[in-house]
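Pasted below: protein.cif, mmCIF, C-alpha atoms and all ligand atoms.
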```cif
data_data
#
loop_
_atom_site.label_atom_id
_atom_site.label_comp_id
_atom_site.auth_asym_id
_atom_site.auth_seq_id
_atom_site.Cartn_x
_atom_site.Cartn_y
_atom_site.Cartn_z
CA MET A 186 0.00 0.00 0.00
CA ARG A 187 1.36 3.45 -0.89
CA SER A 188 0.34 5.36 2.18
CA TYR A 189 1.18 8.88 1.04
CA ARG A 190 0.66 8.84 -2.74
CA PHE A 191 -2.82 9.73 -3.92
CA THR A 192 -4.65 10.58 -7.13
CA HIS A 193 -7.65 12.18 -5.40
CA ALA A 194 -8.77 14.24 -2.45
CA ILE A 195 -12.15 15.43 -1.21
CA THR A 196 -12.60 18.72 0.65
CA ARG A 197 -15.65 20.70 1.76
CA LEU A 198 -15.98 24.49 1.80
CA PRO A 199 -16.22 25.91 5.35
CA PRO A 200 -19.86 26.84 6.03
CA ALA A 201 -20.76 30.22 7.59
CA SER A 202 -21.95 28.16 10.57
CA ALA A 203 -18.32 27.05 11.18
CA ILE A 204 -18.05 29.94 13.63
CA ASN A 205 -20.24 27.74 15.89
CA GLY A 206 -18.10 24.63 15.41
CA LEU A 207 -17.14 22.37 18.31
CA ARG A 208 -14.10 23.35 20.38
CA ALA A 209 -12.57 22.06 23.60
CA VAL A 210 -11.63 25.53 24.80
CA ASP A 211 -13.13 28.76 23.49
CA THR A 212 -10.27 30.93 22.22
CA GLY A 213 -12.55 33.19 20.19
CA SER A 214 -14.68 32.91 17.11
CA PRO A 215 -12.97 31.95 13.85
CA ASP A 216 -12.86 34.63 11.13
CA LEU A 217 -14.80 33.03 8.28
CA ALA A 218 -13.16 34.99 5.44
CA ARG A 219 -9.69 34.13 6.72
CA MET A 220 -10.68 30.51 7.23
CA ARG A 221 -11.95 30.29 3.65
CA ALA A 222 -8.75 31.93 2.33
CA HIS A 223 -6.64 29.37 4.21
CA HIS A 224 -8.90 26.62 2.89
CA ALA A 225 -8.38 27.82 -0.70
CA ASP A 226 -4.59 27.74 -0.16
CA TYR A 227 -4.94 24.20 1.17
CA VAL A 228 -6.92 23.02 -1.87
CA ALA A 229 -4.43 24.71 -4.21
CA ALA A 230 -1.55 22.91 -2.48
CA LEU A 231 -3.25 19.52 -2.97
CA GLN A 232 -3.93 20.35 -6.63
CA SER A 233 -0.35 21.47 -7.19
CA THR A 234 0.78 17.85 -6.76
CA GLY A 235 -1.30 16.81 -9.77
CA ALA A 236 -4.19 15.31 -7.78
CA THR A 237 -7.86 15.75 -8.62
CA VAL A 238 -9.64 17.54 -5.76
CA LEU A 239 -13.41 17.18 -5.43
CA GLU A 240 -14.48 20.38 -3.66
CA LEU A 241 -17.87 19.80 -2.05
CA PRO A 242 -20.19 22.74 -1.28
CA ALA A 243 -20.65 24.07 2.25
CA LEU A 244 -23.13 22.24 4.48
CA GLU A 245 -24.64 24.89 6.74
CA ALA A 246 -26.51 22.35 8.88
CA PHE A 247 -23.18 20.91 10.01
CA PRO A 248 -20.78 23.53 11.45
CA ASP A 249 -17.84 21.07 11.56
CA SER A 250 -18.43 19.61 8.10
CA LEU A 251 -15.25 21.16 6.65
CA PHE A 252 -13.36 18.53 8.67
CA VAL A 253 -14.21 15.79 6.17
CA GLU A 254 -11.50 13.43 7.38
CA ASP A 255 -13.66 12.35 10.30
CA THR A 256 -16.40 10.98 8.04
CA ALA A 257 -14.53 8.15 6.29
CA LEU A 258 -11.43 6.01 5.99
CA CYS A 259 -10.21 5.66 2.41
CA LEU A 260 -8.11 2.62 1.57
CA PRO A 261 -6.91 1.32 -1.80
CA GLU A 262 -9.55 -1.45 -1.80
CA GLY A 263 -12.53 0.66 -0.79
CA ALA A 264 -13.85 3.25 1.63
CA ILE A 265 -15.38 2.87 5.07
CA VAL A 266 -17.97 5.38 6.23
CA MET A 267 -17.39 6.27 9.89
CA ARG A 268 -19.83 6.84 12.79
CA PRO A 269 -18.58 10.09 14.35
CA GLY A 270 -18.76 10.11 18.14
CA ALA A 271 -19.83 13.77 18.32
CA PRO A 272 -23.65 13.71 18.05
CA SER A 273 -23.70 16.95 16.04
CA ARG A 274 -21.40 15.33 13.46
CA LEU A 275 -23.07 11.94 12.95
CA GLY A 276 -25.07 13.18 9.93
CA GLU A 277 -21.91 14.33 8.15
CA ALA A 278 -20.98 10.72 7.38
CA ALA A 279 -24.25 10.09 5.52
CA GLU A 280 -23.61 13.27 3.50
CA MET A 281 -20.21 11.94 2.43
CA ALA A 282 -21.26 8.36 1.55
CA PRO A 283 -22.74 9.06 -1.94
CA HIS A 284 -19.58 10.90 -3.04
CA LEU A 285 -17.47 7.91 -2.03
CA ARG A 286 -19.84 5.51 -3.80
CA ALA A 287 -19.45 7.54 -6.99
CA LEU A 288 -15.66 7.15 -6.84
CA TYR A 289 -15.10 3.72 -5.30
CA GLY A 290 -16.13 0.22 -6.33
CA GLU A 291 -16.82 -0.72 -2.73
CA VAL A 292 -18.00 1.35 0.21
CA ARG A 293 -18.58 -0.22 3.63
CA GLN A 294 -20.15 1.28 6.71
CA ILE A 295 -19.44 1.23 10.44
CA THR A 296 -22.71 0.03 11.98
CA GLY A 297 -24.09 -0.46 15.50
CA ALA A 298 -25.84 2.24 17.52
CA GLU A 299 -23.17 2.10 20.25
CA ASN A 300 -20.13 1.98 17.93
CA PHE A 301 -18.31 5.23 17.26
CA ILE A 302 -15.16 6.05 15.34
CA GLU A 303 -13.83 9.19 13.65
CA GLY A 304 -11.20 9.35 10.91
CA GLY A 305 -9.04 11.70 12.99
CA ASP A 306 -8.24 8.75 15.25
CA ILE A 307 -6.85 6.63 12.41
CA LEU A 308 -3.34 6.74 10.96
CA THR A 309 -2.71 4.50 7.94
CA THR A 310 0.92 3.59 7.36
CA GLU A 311 2.54 1.38 4.74
CA THR A 312 2.02 -1.74 6.85
CA GLU A 313 -0.81 -1.19 9.35
CA ILE A 314 -3.72 0.90 10.51
CA LEU A 315 -3.16 2.55 13.89
CA VAL A 316 -6.27 3.60 15.82
CA GLY A 317 -6.43 5.51 19.08
CA ARG A 318 -9.49 5.46 21.29
CA SER A 319 -10.64 8.94 22.28
CA ALA A 320 -13.74 10.78 23.40
CA ARG A 321 -14.96 10.20 19.80
CA THR A 322 -13.79 6.63 19.13
CA ASN A 323 -14.73 3.69 21.34
CA ALA A 324 -13.90 -0.01 21.56
CA GLY A 325 -16.96 -0.95 19.49
CA GLY A 326 -15.89 1.41 16.71
CA VAL A 327 -12.38 -0.05 16.66
CA ALA A 328 -13.77 -3.61 16.59
CA GLU A 329 -16.07 -2.74 13.69
CA LEU A 330 -13.20 -1.20 11.73
CA THR A 331 -11.03 -4.25 12.40
CA ARG A 332 -13.77 -6.55 11.13
CA LEU A 333 -14.49 -4.48 8.01
CA VAL A 334 -10.89 -4.25 6.76
CA ALA A 335 -9.79 -7.81 7.57
CA ASP A 336 -10.64 -9.36 4.18
CA TRP A 337 -8.86 -6.47 2.45
CA GLY A 338 -5.72 -7.71 4.21
CA HIS A 339 -5.32 -4.79 6.64
CA SER A 340 -4.44 -5.19 10.28
CA VAL A 341 -5.57 -2.71 12.90
CA ARG A 342 -3.44 -1.94 15.96
CA GLU A 343 -5.04 -0.10 18.84
CA VAL A 344 -2.80 2.57 20.34
CA PHE A 345 -2.92 5.23 23.00
CA THR A 346 -4.29 8.75 22.63
CA PRO A 347 -2.89 11.16 25.25
CA PRO A 348 -5.54 12.37 27.73
CA GLY A 349 -7.13 15.66 26.78
CA VAL A 350 -6.10 15.32 23.12
CA LEU A 351 -9.06 15.40 20.69
CA HIS A 352 -7.88 12.75 18.23
CA PHE A 353 -4.94 10.34 17.95
CA LYS A 354 -3.78 12.22 14.85
CA THR A 355 -3.94 15.56 16.65
CA ASP A 356 -0.52 14.44 17.89
CA CYS A 357 1.01 12.67 14.88
CA SER A 358 1.33 12.48 11.08
CA LEU A 359 2.83 10.14 8.54
CA LEU A 360 5.76 11.78 6.71
CA ASP A 361 6.81 8.84 4.53
CA ALA A 362 6.80 5.04 4.57
CA GLU A 363 9.02 4.87 7.66
CA THR A 364 8.72 8.25 9.33
CA ILE A 365 6.21 9.78 11.71
CA LEU A 366 6.04 13.33 13.04
CA ALA A 367 4.80 13.10 16.63
CA THR A 368 4.68 14.92 19.92
CA GLU A 369 7.01 13.60 22.58
CA ARG A 370 4.02 12.90 24.85
CA LEU A 371 2.51 10.52 22.26
CA ASP A 372 5.81 8.91 21.24
CA ALA A 373 6.52 8.20 24.93
CA SER A 374 3.67 5.67 24.85
CA GLY A 375 5.86 3.46 22.62
CA CYS A 376 3.25 3.21 19.88
CA PHE A 377 5.74 4.06 17.13
CA THR A 378 8.36 1.39 17.88
CA GLY A 379 9.86 0.34 14.54
CA TYR A 380 9.22 3.70 12.87
CA ARG A 381 11.60 6.64 12.62
CA VAL A 382 10.05 9.43 14.68
CA ILE A 383 10.68 13.17 14.37
CA HIS A 384 9.44 15.09 17.41
CA THR A 385 7.68 18.41 17.31
CA ALA A 386 9.85 21.07 18.96
CA PRO A 387 9.01 21.76 22.63
CA GLY A 388 6.08 24.20 22.79
CA GLU A 389 5.09 23.45 19.19
CA GLU A 390 2.95 20.36 19.85
CA ALA A 391 0.08 21.98 17.93
CA CYS A 392 1.85 21.37 14.60
CA ALA A 393 1.97 17.57 14.90
CA ASN A 394 -1.07 17.31 12.65
CA ALA A 395 0.40 17.71 9.16
CA ILE A 396 -0.11 15.66 6.00
CA ARG A 397 2.20 14.07 3.49
CA PHE A 398 0.43 14.33 0.13
CA ASN A 399 2.48 13.07 -2.81
CA ASP A 400 5.71 15.08 -2.85
CA LEU A 401 4.54 17.76 -0.42
CA VAL A 402 4.12 18.01 3.33
CA LEU A 403 1.28 20.42 4.14
CA PHE A 404 2.29 21.99 7.41
CA PRO A 405 0.53 24.61 9.58
CA ALA A 406 2.16 28.05 9.48
CA GLY A 407 3.64 29.47 12.69
CA PHE A 408 5.84 26.65 14.00
CA PRO A 409 9.34 27.63 12.84
CA ARG A 410 11.46 25.25 14.91
CA THR A 411 9.60 22.12 13.82
CA ARG A 412 9.44 23.47 10.25
CA ASP A 413 13.22 23.82 10.23
CA LYS A 414 13.65 20.26 11.51
CA LEU A 415 11.51 18.95 8.67
CA LEU A 416 13.33 21.06 6.09
CA ALA A 417 16.65 19.79 7.43
CA ALA A 418 15.34 16.23 7.08
CA GLY A 419 14.73 16.92 3.39
CA TYR A 420 10.93 17.26 3.19
CA ALA A 421 9.30 19.68 0.73
CA LEU A 422 7.05 21.77 2.95
CA ARG A 423 4.09 23.95 2.05
CA GLU A 424 3.04 26.14 4.98
CA ILE A 425 -0.71 26.75 5.16
CA GLY A 426 -2.40 29.19 7.54
CA ASN A 427 -4.38 27.29 10.18
CA SER A 428 -5.12 29.99 12.77
CA GLU A 429 -8.90 29.83 12.28
CA CYS A 430 -9.33 26.04 12.08
CA ALA A 431 -7.07 25.75 15.14
CA LYS A 432 -9.77 27.61 17.12
CA LEU A 433 -11.99 24.58 16.34
CA ASP A 434 -9.24 22.04 17.12
CA GLY A 435 -8.80 21.32 13.40
CA GLY A 436 -5.55 20.84 11.51
CA MET A 437 -4.12 19.80 8.17
CA SER A 438 -5.32 16.20 8.08
CA CYS A 439 -8.89 17.03 9.09
CA LEU A 440 -9.55 19.09 5.97
CA SER A 441 -9.38 16.32 3.38
CA LEU A 442 -9.95 12.70 2.51
CA ARG A 443 -6.99 11.49 0.47
CA PHE A 444 -7.11 8.37 -1.70
CA THR A 445 -6.55 6.49 -4.92
CA PRO A 446 -9.87 4.82 -5.72
CA SER A 447 -9.93 1.15 -6.69
C1 LIG B 501 -14.51 18.67 16.19
O1 LIG B 501 -14.39 18.91 17.40
O2 LIG B 501 -15.00 17.62 15.78
C2 LIG B 501 -14.03 19.69 15.19
N1 LIG B 501 -14.21 20.99 15.74
C3 LIG B 501 -12.59 19.46 14.83
C4 LIG B 501 -12.36 18.17 14.11
C5 LIG B 501 -10.94 17.97 13.75
N2 LIG B 501 -10.77 16.79 12.98
C6 LIG B 501 -9.69 16.04 12.98
O3 LIG B 501 -8.77 16.25 13.75
N3 LIG B 501 -9.65 14.99 12.16
#
```

Show how you would write the structure in this file as structure tokens.
Amino acid sequence: MRSYRFTHAITRLPPASAINGLRAVDTGSPDLARMRAHHADYVAALQSTGATVLELPALEAFPDSLFVEDTALCLPEGAIVMRPGAPSRLGEAAEMAPHLRALYGEVRQITGAENFIEGGDILTTETEILVGRSARTNAGGVAELTRLVADWGHSVREVFTPPGVLHFKTDCSLLDAETILATERLDASGCFTGYRVIHTAPGEEACANAIRFNDLVLFPAGFPRTRDKLLAAGYALREIGNSECAKLDGGMSCLSLRFTPS
């Protein structure tokens, strides 16, 4: 599986209602115009790698619907529609399903009224699928995912999400087949044994959520010491403003589904 090379991505325009999006701590209302400008830069960066980006229209009924990553897991063999653990976000998955069906030969669904899982808790590497339980992802959701991907040949490994962190991937990103960018607090759990790990610089934990997309790493602007580490390691970085999504606990991975449909 090529875990960072993709022909397609799906994004969704931030709705005006995003100013009412979920947040763990209120640090002020996002500026919608600035958020949309950052979002346009993000889409342009994905497109600049040669990928096709399906830009879905804003969904006003769902303030967090720009964070499309949480609605599905896209694998080479097919897509799996999630069951988001935030009640206000559950309907977003049903909104995404038809778009995945139009692109993929096979689309499966997490089922079970008590099973919850969000894409932000899932990191797909070259060899395995890592899933962290969180306030949004429970044991039933992980078990469902494990069952649904088994005949596609994927193994799921349950890992630790640091307390108080929204999603597993809030604290880590895949940089290439062997390398993970992670906070020290997450790496200390031992979940990345066997991978090369680059730590976020102290005080810059908020930039751990980046994405490798083809030849680029999309990286949130404003974290110069971690940026310089990644540049020194040879990655091609594109800095994207994330100040407004950060007010809603969103980062680079949350804003797209990335895949090569079967
Ligand atoms: C939420 O709390 O669900 C949104 N405000 C942020 C979702 C971020 N998504 C992600 O990390 N995959």

Query raised in the report: When you draw a straight line from CA of His223 (chain A) to CA of Arg286 (chain A), how long is it in Å?
Result: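 So the two atoms, CA of His223 (chain A) and CA of Arg286 (chain A), lie 28.4 Å apart.
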
To check your reading of the model: which residues sit at most 8 Å from ligand LIG 501 (chain B) when counting all atoms listed in the file? Write the answer as a tab-separated table (two decimals) with C-alpha atoms, in the frame of the given file.
```tsv
chain	number	residue	atom	x	y	z
A	206	GLY	CA	-18.10	24.63	15.41
A	207	LEU	CA	-17.14	22.37	18.31
A	208	ARG	CA	-14.10	23.35	20.38
A	209	ALA	CA	-12.57	22.06	23.60
A	249	ASP	CA	-17.84	21.07	11.56
A	252	PHE	CA	-13.36	18.53	8.67
A	253	VAL	CA	-14.21	15.79	6.17
A	254	GLU	CA	-11.50	13.43	7.38
A	255	ASP	CA	-13.66	12.35	10.30
A	271	ALA	CA	-19.83	13.77	18.32
A	274	ARG	CA	-21.40	15.33	13.46
A	303	GLU	CA	-13.83	9.19	13.65
A	304	GLY	CA	-11.20	9.35	10.91
A	305	GLY	CA	-9.04	11.70	12.99
A	306	ASP	CA	-8.24	8.75	15.25
A	351	LEU	CA	-9.06	15.40	20.69
A	352	HIS	CA	-7.88	12.75	18.23
A	354	LYS	CA	-3.78	12.22	14.85
A	355	THR	CA	-3.94	15.56	16.65
A	394	ASN	CA	-1.07	17.31	12.65
A	430	CYS	CA	-9.33	26.04	12.08
A	433	LEU	CA	-11.99	24.58	16.34
A	434	ASP	CA	-9.24	22.04	17.12
A	435	GLY	CA	-8.80	21.32	13.40
A	436	GLY	CA	-5.55	20.84	11.51
A	438	SER	CA	-5.32	16.20	8.08
A	439	CYS	CA	-8.89	17.03	9.09
A	440	LEU	CA	-9.55	19.09	5.97
```

Query raised in the report: CA of Pro409 (chain A) and CA of Gly379 (chain A) are how many Å apart?
Result: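 Computing it gives 27.3 Å between the two atoms.
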
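Using all atoms listed in the file, the smallest distance between any of A:Ala431, A:Phe398, A:Arg443, A:Thr322 and Thr212 (chain A) comes from A:Ala431.
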
Requested in this report: Give me the residues within 10 Å of Thr192 (chain A) as an NGL selection string, counting all atoms listed in the file and dropping any in the same chain fewer than 5 places off.
Outcome: :A and (231-232 or 234-238 or 398-399 or 443-446)

Requested in this report: Within 6 Å of (-1.3, 26.6, 8.5) (coordinates as in the file), grab all the protein and nucleic acid residues, counting all atoms listed in the file, and write them out as a list in words.
Outcome: Phe404, Pro405, Ala406, Glu424, Ile425, Gly426 and Asn427 of chain A

Requested in this report: Would you please work out which residue, of A:Lys432, A:Met437, A:Lys414, A:Tyr189, is nearest to Cys392 (chain A) when using all atoms listed in the file?
Outcome: A:Met437

Requested in this report: Counting all atoms listed in the file, find the residues whose atoms lie at most 7 Å from (7.3, 11.3, 18.6) (file coordinates) and write them out as an NGL selection string.
Outcome: :A and (366-369 or 371-372 or 382-384)

Query raised in the report: Between CA of Leu359 (chain A) and CA of Ala386 (chain A), what is the distance, to one decimal in Å?
Result: 16.7 Å

Query raised in the report: For Ala391 (chain A), which residue out of A:Val350, A:Leu416, A:Ile365, A:Ala282 is the nearest one, using all atoms listed in the file?
Result: A:Val350

Report task. Point out the residue among A:Ile295, A:Arg410, A:Ala257, A:Gly375 with the least atom-to-atom distance to Glu280 (chain A), counting all atoms listed in the file. Result ->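 Looking at the shortest contact to Glu280 (chain A), the residue is A:Ala257.
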
Query - Selection near region 328-336 of chain A, 10 Å with all atoms listed in the file, sequence-local residues under 3 positions removed, as a ChimeraX atom specification - result: /A:258,260,262-267,293-297,300-302,314,316,323-325,339-343

Query raised in the report: Contacts of Pro248 (chain A) at 7 Å or less, counting only C-alpha atoms, minus same-chain residues fewer than 5 places along, as number ranges by chain?
Result: A: 200, 202-203, 205-206

Query raised in the report: Taking into account only C-alpha atoms, which residue in the set A:His224, A:Ala298, A:Glu313, A:Thr411 is nearest to Gly338 (chain A)?
Result: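 Once distances to Gly338 (chain A) are computed over only C-alpha atoms, the minimum belongs to A:Glu313.
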
Incomplete region 225-241 of chain A brought to N, CA and C atoms, written out as a PDB file, in the coordinates of the input:
```pdb
ATOM      1  N   ALA A 225      -8.701  27.751   0.739  1.00  0.00           N
ATOM      2  CA  ALA A 225      -8.380  27.820  -0.700  1.00  0.00           C
ATOM      3  C   ALA A 225      -6.892  27.535  -0.920  1.00  0.00           C
ATOM      4  N   ASP A 226      -6.035  28.040  -0.040  1.00  0.00           N
ATOM      5  CA  ASP A 226      -4.590  27.740  -0.160  1.00  0.00           C
ATOM      6  C   ASP A 226      -4.339  26.239  -0.014  1.00  0.00           C
ATOM      7  N   TYR A 227      -5.082  25.639   0.906  1.00  0.00           N
ATOM      8  CA  TYR A 227      -4.940  24.200   1.170  1.00  0.00           C
ATOM      9  C   TYR A 227      -5.320  23.396  -0.078  1.00  0.00           C
ATOM     10  N   VAL A 228      -6.464  23.737  -0.669  1.00  0.00           N
ATOM     11  CA  VAL A 228      -6.920  23.020  -1.870  1.00  0.00           C
ATOM     12  C   VAL A 228      -5.906  23.214  -3.001  1.00  0.00           C
ATOM     13  N   ALA A 229      -5.405  24.434  -3.147  1.00  0.00           N
ATOM     14  CA  ALA A 229      -4.430  24.710  -4.210  1.00  0.00           C
ATOM     15  C   ALA A 229      -3.159  23.883  -3.999  1.00  0.00           C
ATOM     16  N   ALA A 230      -2.755  23.709  -2.759  1.00  0.00           N
ATOM     17  CA  ALA A 230      -1.550  22.910  -2.480  1.00  0.00           C
ATOM     18  C   ALA A 230      -1.778  21.455  -2.880  1.00  0.00           C
ATOM     19  N   LEU A 231      -2.948  20.907  -2.563  1.00  0.00           N
ATOM     20  CA  LEU A 231      -3.250  19.520  -2.970  1.00  0.00           C
ATOM     21  C   LEU A 231      -3.219  19.416  -4.496  1.00  0.00           C
ATOM     22  N   GLN A 232      -3.861  20.396  -5.156  1.00  0.00           N
ATOM     23  CA  GLN A 232      -3.930  20.350  -6.630  1.00  0.00           C
ATOM     24  C   GLN A 232      -2.553  20.484  -7.260  1.00  0.00           C
ATOM     25  N   SER A 233      -1.664  21.224  -6.596  1.00  0.00           N
ATOM     26  CA  SER A 233      -0.350  21.470  -7.190  1.00  0.00           C
ATOM     27  C   SER A 233       0.475  20.194  -7.318  1.00  0.00           C
ATOM     28  N   THR A 234       0.055  19.125  -6.640  1.00  0.00           N
ATOM     29  CA  THR A 234       0.780  17.850  -6.760  1.00  0.00           C
ATOM     30  C   THR A 234       0.260  17.025  -7.930  1.00  0.00           C
ATOM     31  N   GLY A 235      -0.748  17.537  -8.630  1.00  0.00           N
ATOM     32  CA  GLY A 235      -1.300  16.810  -9.770  1.00  0.00           C
ATOM     33  C   GLY A 235      -2.563  16.034  -9.435  1.00  0.00           C
ATOM     34  N   ALA A 236      -3.000  16.073  -8.186  1.00  0.00           N
ATOM     35  CA  ALA A 236      -4.190  15.310  -7.780  1.00  0.00           C
ATOM     36  C   ALA A 236      -5.472  16.011  -8.209  1.00  0.00           C
ATOM     37  N   THR A 237      -6.518  15.212  -8.360  1.00  0.00           N
ATOM     38  CA  THR A 237      -7.860  15.750  -8.620  1.00  0.00           C
ATOM     39  C   THR A 237      -8.512  16.010  -7.253  1.00  0.00           C
ATOM     40  N   VAL A 238      -9.009  17.226  -7.048  1.00  0.00           N
ATOM     41  CA  VAL A 238      -9.640  17.540  -5.760  1.00  0.00           C
ATOM     42  C   VAL A 238     -11.129  17.795  -6.003  1.00  0.00           C
ATOM     43  N   LEU A 239     -11.959  16.982  -5.370  1.00  0.00           N
ATOM     44  CA  LEU A 239     -13.410  17.180  -5.430  1.00  0.00           C
ATOM     45  C   LEU A 239     -13.768  18.142  -4.294  1.00  0.00           C
ATOM     46  N   GLU A 240     -14.162  19.347  -4.665  1.00  0.00           N
ATOM     47  CA  GLU A 240     -14.480  20.380  -3.660  1.00  0.00           C
ATOM     48  C   GLU A 240     -15.989  20.402  -3.447  1.00  0.00           C
ATOM     49  N   LEU A 241     -16.430  19.870  -2.323  1.00  0.00           N
ATOM     50  CA  LEU A 241     -17.870  19.800  -2.050  1.00  0.00           C
ATOM     51  C   LEU A 241     -18.360  21.150  -1.523  1.00  0.00           C
TER      52      LEU A 241
END
```
